>>> print(open('query-v2.cif').read())   # mmCIF, C-alpha atoms
data_entry
#
loop_
_atom_site.label_atom_id
_atom_site.label_comp_id
_atom_site.auth_asym_id
_atom_site.auth_seq_id
_atom_site.Cartn_x
_atom_site.Cartn_y
_atom_site.Cartn_z
CA MET R 60 107.94 105.72 35.22
CA ASP R 61 106.67 102.13 34.99
CA LYS R 62 105.84 100.86 38.47
CA GLN R 63 106.34 97.23 37.46
CA ILE R 64 109.95 97.99 36.56
CA ILE R 65 110.53 99.70 39.90
CA LYS R 66 108.98 96.80 41.79
CA SER R 67 111.27 94.39 39.93
CA ILE R 68 114.28 96.53 40.90
CA ILE R 69 113.17 96.55 44.56
CA GLY R 70 112.79 92.75 44.52
CA GLU R 71 116.18 92.28 42.84
CA GLY R 72 117.76 94.51 45.47
CA HIS R 73 116.34 92.34 48.24
CA GLN R 74 117.76 89.24 46.55
CA GLU R 75 121.18 90.88 46.28
CA ILE R 76 121.09 91.65 50.01
CA ARG R 77 120.29 88.00 50.78
CA ASP R 78 122.97 86.57 48.48
CA ILE R 79 126.00 88.85 48.93
CA CYS R 80 128.84 87.75 51.22
CA LEU R 81 130.86 90.60 52.73
CA VAL R 82 134.13 91.00 54.60
CA GLU R 83 133.30 93.63 57.20
CA ARG R 84 135.07 96.97 56.85
CA PRO R 85 135.77 98.96 60.06
CA VAL R 86 133.25 101.75 59.34
CA ASN R 87 130.42 102.37 61.78
CA PHE R 88 127.19 104.27 61.24
CA GLU R 89 124.83 105.62 63.90
CA ASP R 90 121.35 104.08 63.81
CA GLN R 91 119.53 107.39 64.02
CA MET R 92 121.65 109.36 61.55
CA ASN R 93 121.39 109.86 57.79
CA TYR R 94 124.53 109.68 55.64
CA VAL R 95 125.92 110.83 52.31
CA LEU R 96 128.76 108.47 51.29
CA ILE R 97 131.03 109.92 48.62
CA GLY R 98 134.22 108.76 46.92
CA ILE R 99 135.72 107.45 43.71
CA ARG R 100 133.84 104.82 41.72
CA ARG R 101 134.23 101.30 43.13
CA ALA R 102 135.82 102.54 46.37
CA GLY R 103 133.29 100.50 48.34
CA LYS R 104 130.39 102.90 48.97
CA SER R 105 127.80 100.34 47.85
CA TYR R 106 129.71 97.71 49.81
CA LEU R 107 129.37 99.74 53.02
CA MET R 108 125.72 100.43 52.29
CA LEU R 109 125.08 96.68 52.01
CA GLN R 110 127.19 96.11 55.11
CA ASP R 111 124.97 98.51 57.05
CA ILE R 112 121.86 96.67 55.85
CA GLN R 113 123.24 93.25 56.79
CA CYS R 114 124.37 94.55 60.18
CA HIS R 115 120.84 95.75 60.99
CA ILE R 116 119.38 92.44 59.84
CA GLN R 117 121.85 90.40 61.91
CA GLN R 118 121.08 92.51 64.98
CA GLY R 119 117.36 91.89 64.49
CA LYS R 120 116.56 95.57 63.92
CA MET R 121 114.94 94.90 60.56
CA SER R 122 114.26 92.24 57.94
CA VAL R 123 115.20 92.39 54.27
CA GLU R 124 111.63 93.54 53.50
CA ASP R 125 112.10 96.55 55.83
CA CYS R 126 114.69 97.93 53.40
CA LEU R 127 114.19 100.00 50.24
CA TYR R 128 117.47 99.61 48.32
CA ILE R 129 117.80 101.17 44.85
CA ARG R 130 120.87 101.30 42.59
CA PHE R 131 120.58 104.25 40.22
CA GLU R 132 123.26 102.89 37.89
CA ASP R 133 120.58 100.46 36.70
CA GLU R 134 119.92 101.40 33.06
CA ARG R 135 116.17 101.01 33.65
CA LEU R 136 116.36 104.14 35.84
CA SER R 137 118.56 106.19 33.50
CA ASP R 138 115.73 108.58 32.54
CA MET R 139 114.30 108.98 36.03
CA LYS R 140 113.65 112.56 37.12
CA ALA R 141 113.67 114.00 40.63
CA SER R 142 109.92 114.62 40.42
CA GLU R 143 109.42 110.85 39.98
CA LEU R 144 111.47 109.72 42.99
CA GLY R 145 108.38 109.57 45.20
CA ILE R 146 107.18 106.62 43.12
CA LEU R 147 109.88 104.52 44.81
CA LEU R 148 108.05 104.73 48.14
CA ASP R 149 104.68 104.23 46.47
CA CYS R 150 105.88 100.99 44.86
CA TYR R 151 107.49 99.79 48.08
CA LYS R 152 104.26 100.30 50.05
CA GLU R 153 102.19 98.60 47.37
CA MET R 154 104.50 95.58 47.75
CA PHE R 155 104.96 95.46 51.54
CA GLY R 156 102.20 97.54 53.09
CA ASP R 157 102.42 100.72 55.10
CA ARG R 158 105.88 100.11 56.57
CA HIS R 159 108.47 102.77 57.42
CA PRO R 160 111.52 101.33 55.60
CA TYR R 161 115.19 102.07 55.94
CA ILE R 162 116.08 103.76 52.64
CA TYR R 163 119.32 103.20 50.68
CA LEU R 164 119.83 105.11 47.42
CA ASP R 165 123.02 104.13 45.58
CA GLU R 166 124.72 106.52 43.09
CA ILE R 167 121.80 108.91 43.33
CA GLN R 168 123.79 111.78 41.81
CA ASN R 169 122.64 110.39 38.45
CA VAL R 170 119.24 112.02 39.19
CA GLU R 171 119.53 115.79 38.96
CA GLY R 172 117.76 117.47 41.87
CA TRP R 173 117.84 114.37 44.09
CA GLU R 174 118.66 116.44 47.18
CA THR R 175 115.13 117.83 47.59
CA PHE R 176 113.75 114.29 47.73
CA ALA R 177 116.46 113.28 50.23
CA ARG R 178 115.58 116.23 52.44
CA ARG R 179 111.88 115.34 52.34
CA LEU R 180 112.70 111.77 53.42
CA ALA R 181 114.72 113.07 56.36
CA ASP R 182 111.92 115.47 57.33
CA GLN R 183 109.53 112.50 57.34
CA LYS R 184 111.86 110.72 59.79
CA TYR R 185 113.08 108.02 57.44
CA ARG R 186 116.57 106.69 58.13
CA VAL R 187 118.38 107.31 54.81
CA MET R 188 121.78 106.54 53.31
CA VAL R 189 122.78 107.81 49.86
CA THR R 190 125.98 107.37 47.87
CA GLY R 191 127.59 109.25 45.01
CA SER R 192 130.82 109.61 43.06
CA ASN R 193 130.94 113.39 42.77
CA ALA R 194 132.30 115.90 45.27
CA LYS R 195 129.49 118.32 44.40
CA MET R 196 127.35 116.16 46.66
CA LEU R 197 129.21 117.90 49.49
CA SER R 198 129.06 121.41 48.04
CA LYS R 199 127.84 124.31 50.16
CA GLU R 200 124.74 124.60 47.97
CA MET R 201 123.93 120.93 48.49
CA SER R 202 124.51 121.19 52.24
CA THR R 203 122.12 124.13 52.37
CA THR R 204 119.40 122.11 50.63
CA LEU R 205 119.94 119.09 52.86
CA GLY R 206 119.80 121.42 55.84
CA GLY R 207 122.22 119.58 58.11
CA ARG R 208 120.08 116.46 58.03
CA TYR R 209 122.86 114.25 56.60
CA ILE R 210 126.39 113.44 57.76
CA PRO R 211 128.92 113.37 54.92
CA LYS R 212 131.48 110.54 54.94
CA LYS R 213 134.31 110.10 52.43
CA ILE R 214 134.95 106.49 51.48
CA PHE R 215 138.40 105.44 50.29
CA PRO R 216 139.51 102.22 48.60
CA PHE R 217 140.61 99.45 50.98
CA SER R 218 143.55 100.25 53.24
CA TYR R 219 146.35 97.70 53.38
CA CYS R 220 145.02 96.43 56.71
CA GLU R 221 141.58 95.89 55.12
CA TYR R 222 143.22 94.26 52.11
CA LEU R 223 144.96 91.74 54.38
CA GLN R 224 141.74 91.13 56.32
CA TYR R 225 139.96 90.43 53.02
CA HIS R 226 142.56 87.72 52.40
CA GLY R 227 142.06 86.22 55.85
CA ILE R 228 145.05 87.82 57.58
CA LYS R 229 144.03 89.54 60.80
CA ILE R 230 146.31 92.32 61.97
CA GLY R 231 146.04 92.32 65.75
CA LYS R 232 147.64 94.64 68.29
CA ASN R 233 150.99 92.82 68.37
CA TRP R 234 150.97 91.39 64.86
CA GLN R 235 154.64 92.25 64.21
CA TYR R 236 155.70 89.72 66.85
CA THR R 237 153.95 86.86 65.06
CA PRO R 238 156.37 85.60 62.37
CA GLU R 239 153.69 84.04 60.14
CA ILE R 240 151.62 87.23 60.00
CA ARG R 241 154.67 89.47 59.54
CA ILE R 242 155.97 87.36 56.65
CA GLU R 243 152.56 87.16 54.98
CA ALA R 244 151.99 90.93 55.36
CA ALA R 245 155.29 91.65 53.62
CA ARG R 246 154.75 88.99 50.94
CA ARG R 247 151.33 90.22 49.85
CA PHE R 248 152.31 93.87 49.62
CA ASP R 249 153.42 93.91 45.97
CA ASP R 250 149.92 93.26 44.63
CA TYR R 251 148.48 96.03 46.77
CA PHE R 252 151.34 98.40 45.88
CA TYR R 253 150.91 98.01 42.11
CA LEU R 254 147.18 97.25 41.83
CA GLY R 255 145.65 99.32 44.62
CA GLY R 256 142.76 98.85 47.01
CA LEU R 257 139.63 98.73 44.83
CA SER R 258 138.11 95.56 46.25
CA GLU R 259 136.31 94.35 43.13
CA ILE R 260 139.65 93.43 41.56
CA PHE R 261 140.80 91.26 44.47
CA PRO R 262 139.25 87.99 43.22
CA LEU R 263 139.83 88.73 39.51
CA LYS R 264 142.43 87.05 37.33
CA TYR R 265 142.79 89.93 34.85
CA LYS R 266 143.11 92.81 37.25
CA ARG R 267 144.84 95.32 34.99
CA GLU R 268 142.12 95.07 32.37
CA TRP R 269 139.50 95.88 35.03
CA ILE R 270 141.52 98.86 36.28
CA ASN R 271 141.93 100.23 32.77
CA ALA R 272 138.20 99.82 32.11
CA LEU R 273 137.41 101.73 35.31
CA TYR R 274 139.80 104.52 34.34
CA GLN R 275 138.10 104.81 30.94
CA LYS R 276 134.70 104.92 32.66
CA ILE R 277 135.82 107.76 34.93
CA ILE R 278 137.37 109.75 32.07
CA LEU R 279 134.60 109.18 29.54
CA GLY R 280 131.59 108.94 31.85
CA ASP R 281 132.27 111.06 34.91
CA ILE R 282 134.21 113.79 33.13
CA VAL R 283 133.74 113.92 29.32
CA ALA R 284 130.05 112.95 29.15
CA ARG R 285 128.91 114.61 32.36
CA HIS R 286 130.55 117.94 31.48
CA LYS R 287 129.83 117.71 27.74
CA ILE R 288 133.49 118.00 26.72
CA ARG R 289 134.09 117.84 22.98
CA GLY R 290 136.59 115.05 22.45
CA ASP R 291 138.63 113.28 25.08
CA ARG R 292 142.19 113.61 23.77
CA THR R 293 143.22 116.57 25.96
CA ILE R 294 141.73 115.21 29.18
CA ARG R 295 143.48 111.87 28.56
CA LEU R 296 146.75 113.68 27.93
CA LEU R 297 146.29 115.64 31.15
CA GLY R 298 145.79 112.39 33.08
CA ARG R 299 149.05 110.97 31.73
CA LYS R 300 150.98 114.16 32.50
CA LEU R 301 149.63 114.29 36.04
CA ALA R 302 150.78 110.69 36.53
CA GLU R 303 154.26 111.50 35.22
CA ASN R 304 154.54 114.53 37.53
CA VAL R 305 152.88 113.02 40.59
CA MET R 306 155.83 113.79 42.90
CA GLN R 307 156.42 117.32 41.67
CA PRO R 308 154.86 120.60 42.85
CA THR R 309 153.39 121.85 39.59
CA ALA R 310 151.89 125.22 38.74
CA ILE R 311 148.79 125.27 36.54
CA SER R 312 150.68 127.46 34.05
CA ARG R 313 153.42 124.82 33.80
CA LEU R 314 150.81 122.11 33.22
CA GLN R 315 149.41 124.26 30.43
CA HIS R 316 152.87 124.48 28.87
CA ILE R 317 153.34 120.70 29.14
CA ILE R 318 150.00 120.09 27.41
CA LYS R 319 150.74 122.62 24.68
CA SER R 320 154.21 121.16 24.04
CA SER R 321 152.48 117.82 23.35
CA GLY R 322 150.43 119.41 20.59
CA ASP R 323 147.16 120.24 22.36
CA ASN R 324 146.05 123.83 22.80
CA ILE R 325 144.25 124.55 26.08
CA SER R 326 143.39 127.77 27.89
CA LEU R 327 144.11 128.26 31.60
CA PRO R 328 140.39 128.49 32.51
CA THR R 329 139.69 125.22 30.66
CA LEU R 330 142.68 123.53 32.32
CA LYS R 331 141.44 124.66 35.74
CA ASP R 332 138.02 123.22 34.91
CA TYR R 333 139.54 119.88 33.85
CA LEU R 334 141.53 119.64 37.09
CA ALA R 335 138.40 120.49 39.07
CA TYR R 336 136.45 117.76 37.24
CA MET R 337 139.18 115.23 38.08
CA GLU R 338 139.01 116.19 41.76
CA GLU R 339 135.20 116.23 41.77
CA CYS R 340 135.06 112.56 40.71
CA TYR R 341 137.86 111.72 43.17
CA LEU R 342 140.30 110.54 40.49
CA ILE R 343 142.94 112.87 41.97
CA PHE R 344 143.47 115.03 45.04
CA SER R 345 145.94 117.83 45.73
CA VAL R 346 148.32 118.95 48.48
CA SER R 347 149.54 122.54 48.96
CA ASN R 348 152.81 124.02 50.21
CA PHE R 349 152.48 124.88 53.90
CA VAL R 350 154.61 128.02 53.60
CA SER R 351 153.23 129.39 50.34
CA PRO R 352 151.00 132.47 50.17
CA ILE R 353 147.30 131.60 49.89
CA SER R 354 147.26 132.51 46.18
CA GLU R 355 150.11 130.07 45.43
CA GLN R 356 148.53 127.34 47.55
CA GLU R 357 145.66 127.32 45.06
CA THR R 358 147.79 127.29 41.90
CA ILE R 359 150.99 125.37 42.74
CA LYS R 360 150.22 121.93 44.14
CA LYS R 361 151.28 118.34 44.28
CA ARG R 362 148.57 116.20 42.72
CA TYR R 363 148.11 112.52 43.54
CA PHE R 364 145.83 109.71 42.40
CA THR R 365 143.23 108.30 44.80
CA ASP R 366 144.32 104.71 44.10
CA ASN R 367 147.72 103.24 43.21
CA GLY R 368 146.18 100.90 40.65
CA LEU R 369 144.78 103.84 38.66
CA LEU R 370 148.13 105.65 38.82
CA ASN R 371 150.08 102.54 37.82
CA ASN R 372 147.73 102.16 34.85
CA LEU R 373 149.42 105.29 33.42
CA LEU R 374 153.05 104.54 34.35
CA PHE R 375 155.94 102.33 33.28
CA GLN R 376 158.39 101.36 36.04
CA GLY R 377 157.02 104.05 38.33
CA GLU R 378 157.95 102.57 41.70
CA THR R 379 159.18 105.83 43.27
CA LYS R 380 155.99 107.61 42.19
CA LEU R 381 153.80 104.77 43.46
CA LEU R 382 155.52 104.83 46.85
CA GLU R 383 154.99 108.57 47.36
CA ASN R 384 151.44 108.33 46.01
CA LEU R 385 150.60 105.61 48.53
CA CYS R 386 152.07 107.73 51.32
CA ALA R 387 149.83 110.62 50.21
CA ILE R 388 146.72 108.41 50.13
CA THR R 389 147.49 107.08 53.61
CA LEU R 390 147.96 110.53 55.15
CA ILE R 391 144.80 111.90 53.54
CA ARG R 392 142.91 108.92 55.02
CA ARG R 393 144.42 109.46 58.46
CA TYR R 394 143.81 113.22 58.41
CA PRO R 395 140.48 113.65 56.59
CA SER R 396 139.26 117.16 55.90
CA ASP R 397 136.08 118.69 54.53
CA ASP R 398 137.12 122.35 54.66
CA GLU R 399 140.57 123.33 55.88
CA PRO R 400 143.45 121.10 54.64
CA ARG R 401 145.42 119.15 57.23
CA VAL R 402 148.12 117.57 55.03
CA PHE R 403 150.73 119.73 53.29
CA TYR R 404 154.15 119.50 51.72
CA TYR R 405 156.93 121.89 52.80
CA ASN R 406 159.05 123.73 50.27
CA ARG R 407 161.20 126.67 51.29
CA ASN R 408 164.88 126.16 50.50
CA ILE R 409 164.39 122.48 51.38
CA GLU R 410 161.56 120.12 50.44
CA VAL R 411 159.76 117.71 52.76
CA ASP R 412 157.21 115.52 51.03
CA PHE R 413 154.51 115.71 53.72
CA TYR R 414 154.00 117.91 56.77
CA ILE R 415 151.07 117.66 59.19
CA PRO R 416 151.31 120.73 61.45
CA GLU R 417 148.65 119.69 63.99
CA ASP R 418 150.68 116.59 64.93
CA ARG R 419 154.09 118.12 64.19
CA LEU R 420 154.66 115.16 61.88
CA ALA R 421 156.94 115.09 58.82
CA VAL R 422 157.18 112.25 56.30
CA GLN R 423 159.69 111.72 53.51
CA ALA R 424 159.02 109.16 50.80
CA ALA R 425 162.20 107.55 49.41
CA TYR R 426 162.24 104.21 47.61
CA ASP R 427 165.62 103.53 49.19
CA ILE R 428 168.34 105.56 50.92
CA ASN R 429 171.32 103.37 50.09
CA ASP R 430 172.82 106.11 47.98
CA HIS R 431 174.80 108.56 50.13
CA ILE R 432 173.45 111.64 48.32
CA THR R 433 169.85 110.49 48.67
CA ARG R 434 170.33 109.69 52.34
CA GLU R 435 171.85 113.09 53.09
CA ARG R 436 169.09 114.89 51.19
CA GLU R 437 166.20 113.10 52.91
CA VAL R 438 167.68 113.26 56.42
CA GLY R 439 168.93 116.85 55.97
CA ALA R 440 165.52 118.11 54.90
CA LEU R 441 163.89 116.69 58.04
CA VAL R 442 166.62 118.14 60.27
CA SER R 443 166.20 121.56 58.66
CA LEU R 444 162.42 121.50 59.02
CA ASN R 445 162.81 120.52 62.68
CA LYS R 446 164.83 123.68 63.29
CA THR R 447 162.03 125.86 61.87
CA PHE R 448 159.02 123.88 63.06
CA PRO R 449 160.02 121.51 65.90
CA LEU R 450 158.76 118.01 65.08
CA GLN R 451 157.22 115.41 67.35
CA SER R 452 157.64 112.60 64.79
CA ALA R 453 159.73 112.19 61.65
CA TYR R 454 159.67 109.31 59.18
CA ILE R 455 161.43 108.24 56.02
CA ILE R 456 159.20 105.71 54.26
CA THR R 457 161.14 103.27 52.09
CA ARG R 458 160.36 100.14 50.12
CA ASP R 459 162.30 97.72 52.33
CA GLN R 460 164.80 99.50 54.60
CA GLU R 461 164.37 99.90 58.34
CA GLU R 462 166.54 101.66 60.88
CA THR R 463 166.52 104.48 63.44
CA ILE R 464 168.62 107.59 62.83
CA THR R 465 169.44 109.81 65.80
CA ILE R 466 170.82 113.32 65.26
CA GLY R 467 171.14 115.26 68.49
CA ASN R 468 167.76 115.10 70.18
CA MET R 469 165.98 114.24 66.94
CA VAL R 470 164.93 110.69 66.08
CA ILE R 471 164.08 109.76 62.47
CA HIS R 472 162.33 106.45 61.89
CA VAL R 473 163.19 104.73 58.61
CA ILE R 474 160.47 102.17 57.98
CA PRO R 475 159.27 99.96 55.08
CA ILE R 476 156.04 101.26 53.63
CA TRP R 477 154.12 98.02 54.15
CA LYS R 478 154.88 98.18 57.87
CA TRP R 479 154.07 101.91 58.14
CA LEU R 480 150.67 101.30 56.54
CA LEU R 481 149.83 98.96 59.41
CA LEU R 482 150.80 101.32 62.24
#
>>> encode(input="query-v2.cif", output="structure tokens")
Amino acid sequence: MDKQIIKSIIGEGHQEIRDICLVERPVNFEDQMNYVLIGIRRAGKSYLMLQDIQCHIQQGKMSVEDCLYIRFEDERLSDMKASELGILLDCYKEMFGDRHPYIYLDEIQNVEGWETFARRLADQKYRVMVTGSNAKMLSKEMSTTLGGRYIPKKIFPFSYCEYLQYHGIKIGKNWQYTPEIRIEAARRFDDYFYLGGLSEIFPLKYKREWINALYQKIILGDIVARHKIRGDRTIRLLGRKLAENVMQPTAISRLQHIIKSSGDNISLPTLKDYLAYMEECYLIFSVSNFVSPISEQETIKKRYFTDNGLLNNLLFQGETKLLENLCAITLIRRYPSDDEPRVFYYNRNIEVDFYIPEDRLAVQAAYDINDHITREREVGALVSLNKTFPLQSAYIITRDQEETITIGNMVIHVIPIWKWLLL
């Protein structure tokens, strides 16, 4: 590996740190801990890495030159091997002397075997932060290699509160009693609802084109190329069918039938692999039925997209799907899990969209409940669930409606989604 190229990359990284202007996200990192940040492409992992650097500089804990910041998506590093990673430190020390830098390695999963280098850095008492766009970075095998020296942290696209903050609207403790903020929070919601929370699109004029390009990058780069899939037609078809069925509990065998009926032949093992690839790169995530046997929890699931903009890219007039998808994203953010799931749906005689047993919380997603049949169905499902598993909180999340429904001792809060996102 050419040292002059690496030194140029180090210098360019320092210039990026000096030039970039950030809106602070509410994510804190301990000074003495090492981190693995994972999540979908463009969720903001690099953003938070740069935020951590700037925070240390502003607090006087280091200067720009005390930082070794490398982006492995740089095409000049595309052929770098794990055995060459030590050259990064050699080049840094040739440039800045025998310092002990803070080390930031962005999208390092592009280098196979990176984890042994990361462990060595931790053993040598460097403070290290790495990012990646593949869930295998949190696999048991990877954790064994890293030896508990790194804290994993999942990074999601911007929440609606962060989206508003980006646009200069601060949501304080009693924001709903300030008319200007309340009106602005409701007014700006449509863009977030349809286009999602990937912050790079916020200042762009042609947002949909950017979202489509990102989707193609995920499908072609993170799935087709990485896993050496021959042709992309079937994986593209699967993405569209998952979008169309985003609200429905769907068995893998039914997905296979849907794919086959569209003219593509696919085996169950291959379909399982494709779904796993989509989850590994954080394009989708899944939710299981709380009352299903363990075997069914693994095969019959609701599957959602990690960002509404990516889902909307595959839909036409999909408002009801987008509303439930955004509810799913929000609950997964609020109840993060590395091992045991915390967010479920409930389906036994009645269906409740989301059930969080630890908080005895149930959430229904309904675009509106003006229709008598819809209202009875959504309310009745929550009442029935409450009889089996007594609830502490129950919500019906709508697009615009707000009211409180009391049935006996049970209170159901009907609330517009934009307001619920800010609770």
>>> resolve_selection(input="query-v2.cif", expression="the PyMOL selection byres ((chain R and resi 352-366) around 8)", output="ChimeraX atom specification")
/R:99,215-216,255-257,301-302,305-311,341-351,367-370,384-385,387-388
>>> atom_distance(input="query-v2.cif", atom1="CA of Phe248 in chain R", atom2="CA of Pro85 in chain R")
20.2 Å
>>> resolve_selection(input="query-v2.cif", expression="the PyMOL selection byres ((chain R and resi 448) around 12)", output="PDB file with C-alpha atoms, in the coordinates of the input")
ATOM      1  CA  PHE R 349     152.480 124.880  53.900  1.00  0.00           C
ATOM      2  CA  VAL R 350     154.610 128.020  53.600  1.00  0.00           C
ATOM      3  CA  TYR R 405     156.930 121.890  52.800  1.00  0.00           C
ATOM      4  CA  TYR R 414     154.000 117.910  56.770  1.00  0.00           C
ATOM      5  CA  ILE R 415     151.070 117.660  59.190  1.00  0.00           C
ATOM      6  CA  PRO R 416     151.310 120.730  61.450  1.00  0.00           C
ATOM      7  CA  GLU R 417     148.650 119.690  63.990  1.00  0.00           C
ATOM      8  CA  ASP R 418     150.680 116.590  64.930  1.00  0.00           C
ATOM      9  CA  ARG R 419     154.090 118.120  64.190  1.00  0.00           C
ATOM     10  CA  LEU R 420     154.660 115.160  61.880  1.00  0.00           C
ATOM     11  CA  ALA R 421     156.940 115.090  58.820  1.00  0.00           C
ATOM     12  CA  ALA R 440     165.520 118.110  54.900  1.00  0.00           C
ATOM     13  CA  LEU R 441     163.890 116.690  58.040  1.00  0.00           C
ATOM     14  CA  VAL R 442     166.620 118.140  60.270  1.00  0.00           C
ATOM     15  CA  SER R 443     166.200 121.560  58.660  1.00  0.00           C
ATOM     16  CA  LEU R 444     162.420 121.500  59.020  1.00  0.00           C
ATOM     17  CA  ASN R 445     162.810 120.520  62.680  1.00  0.00           C
ATOM     18  CA  LYS R 446     164.830 123.680  63.290  1.00  0.00           C
ATOM     19  CA  THR R 447     162.030 125.860  61.870  1.00  0.00           C
ATOM     20  CA  PRO R 449     160.020 121.510  65.900  1.00  0.00           C
ATOM     21  CA  LEU R 450     158.760 118.010  65.080  1.00  0.00           C
ATOM     22  CA  GLN R 451     157.220 115.410  67.350  1.00  0.00           C
ATOM     23  CA  SER R 452     157.640 112.600  64.790  1.00  0.00           C
ATOM     24  CA  ALA R 453     159.730 112.190  61.650  1.00  0.00           C
TER      25      ALA R 453
END
>>> residues_around(input="query-v2.cif", residues="Tyr219 in chain R", least_positions_apart="3", cutoff="12 Å", atoms="all atoms listed in the file", output="NGL selection string")
:R and (84 or 215-216 or 222-226 or 228-230 or 244-245 or 247-252 or 254-258 or 366-367 or 385-386 or 388-389 or 392 or 476-482)
>>> resolve_selection(input="query-v2.cif", expression="the PyMOL selection byres ((chain R and resi 134-144) around 8)", output="PDB file with C-alpha atoms, keeping the file's coordinate frame")
ATOM      1  CA  MET R  60     107.940 105.720  35.220  1.00  0.00           C
ATOM      2  CA  ILE R  64     109.950  97.990  36.560  1.00  0.00           C
ATOM      3  CA  PHE R 131     120.580 104.250  40.220  1.00  0.00           C
ATOM      4  CA  GLU R 132     123.260 102.890  37.890  1.00  0.00           C
ATOM      5  CA  ASP R 133     120.580 100.460  36.700  1.00  0.00           C
ATOM      6  CA  GLY R 145     108.380 109.570  45.200  1.00  0.00           C
ATOM      7  CA  ILE R 146     107.180 106.620  43.120  1.00  0.00           C
ATOM      8  CA  LEU R 147     109.880 104.520  44.810  1.00  0.00           C
ATOM      9  CA  LEU R 148     108.050 104.730  48.140  1.00  0.00           C
ATOM     10  CA  ASN R 169     122.640 110.390  38.450  1.00  0.00           C
ATOM     11  CA  VAL R 170     119.240 112.020  39.190  1.00  0.00           C
ATOM     12  CA  GLU R 171     119.530 115.790  38.960  1.00  0.00           C
ATOM     13  CA  GLY R 172     117.760 117.470  41.870  1.00  0.00           C
ATOM     14  CA  TRP R 173     117.840 114.370  44.090  1.00  0.00           C
ATOM     15  CA  PHE R 176     113.750 114.290  47.730  1.00  0.00           C
TER      16      PHE R 176
END
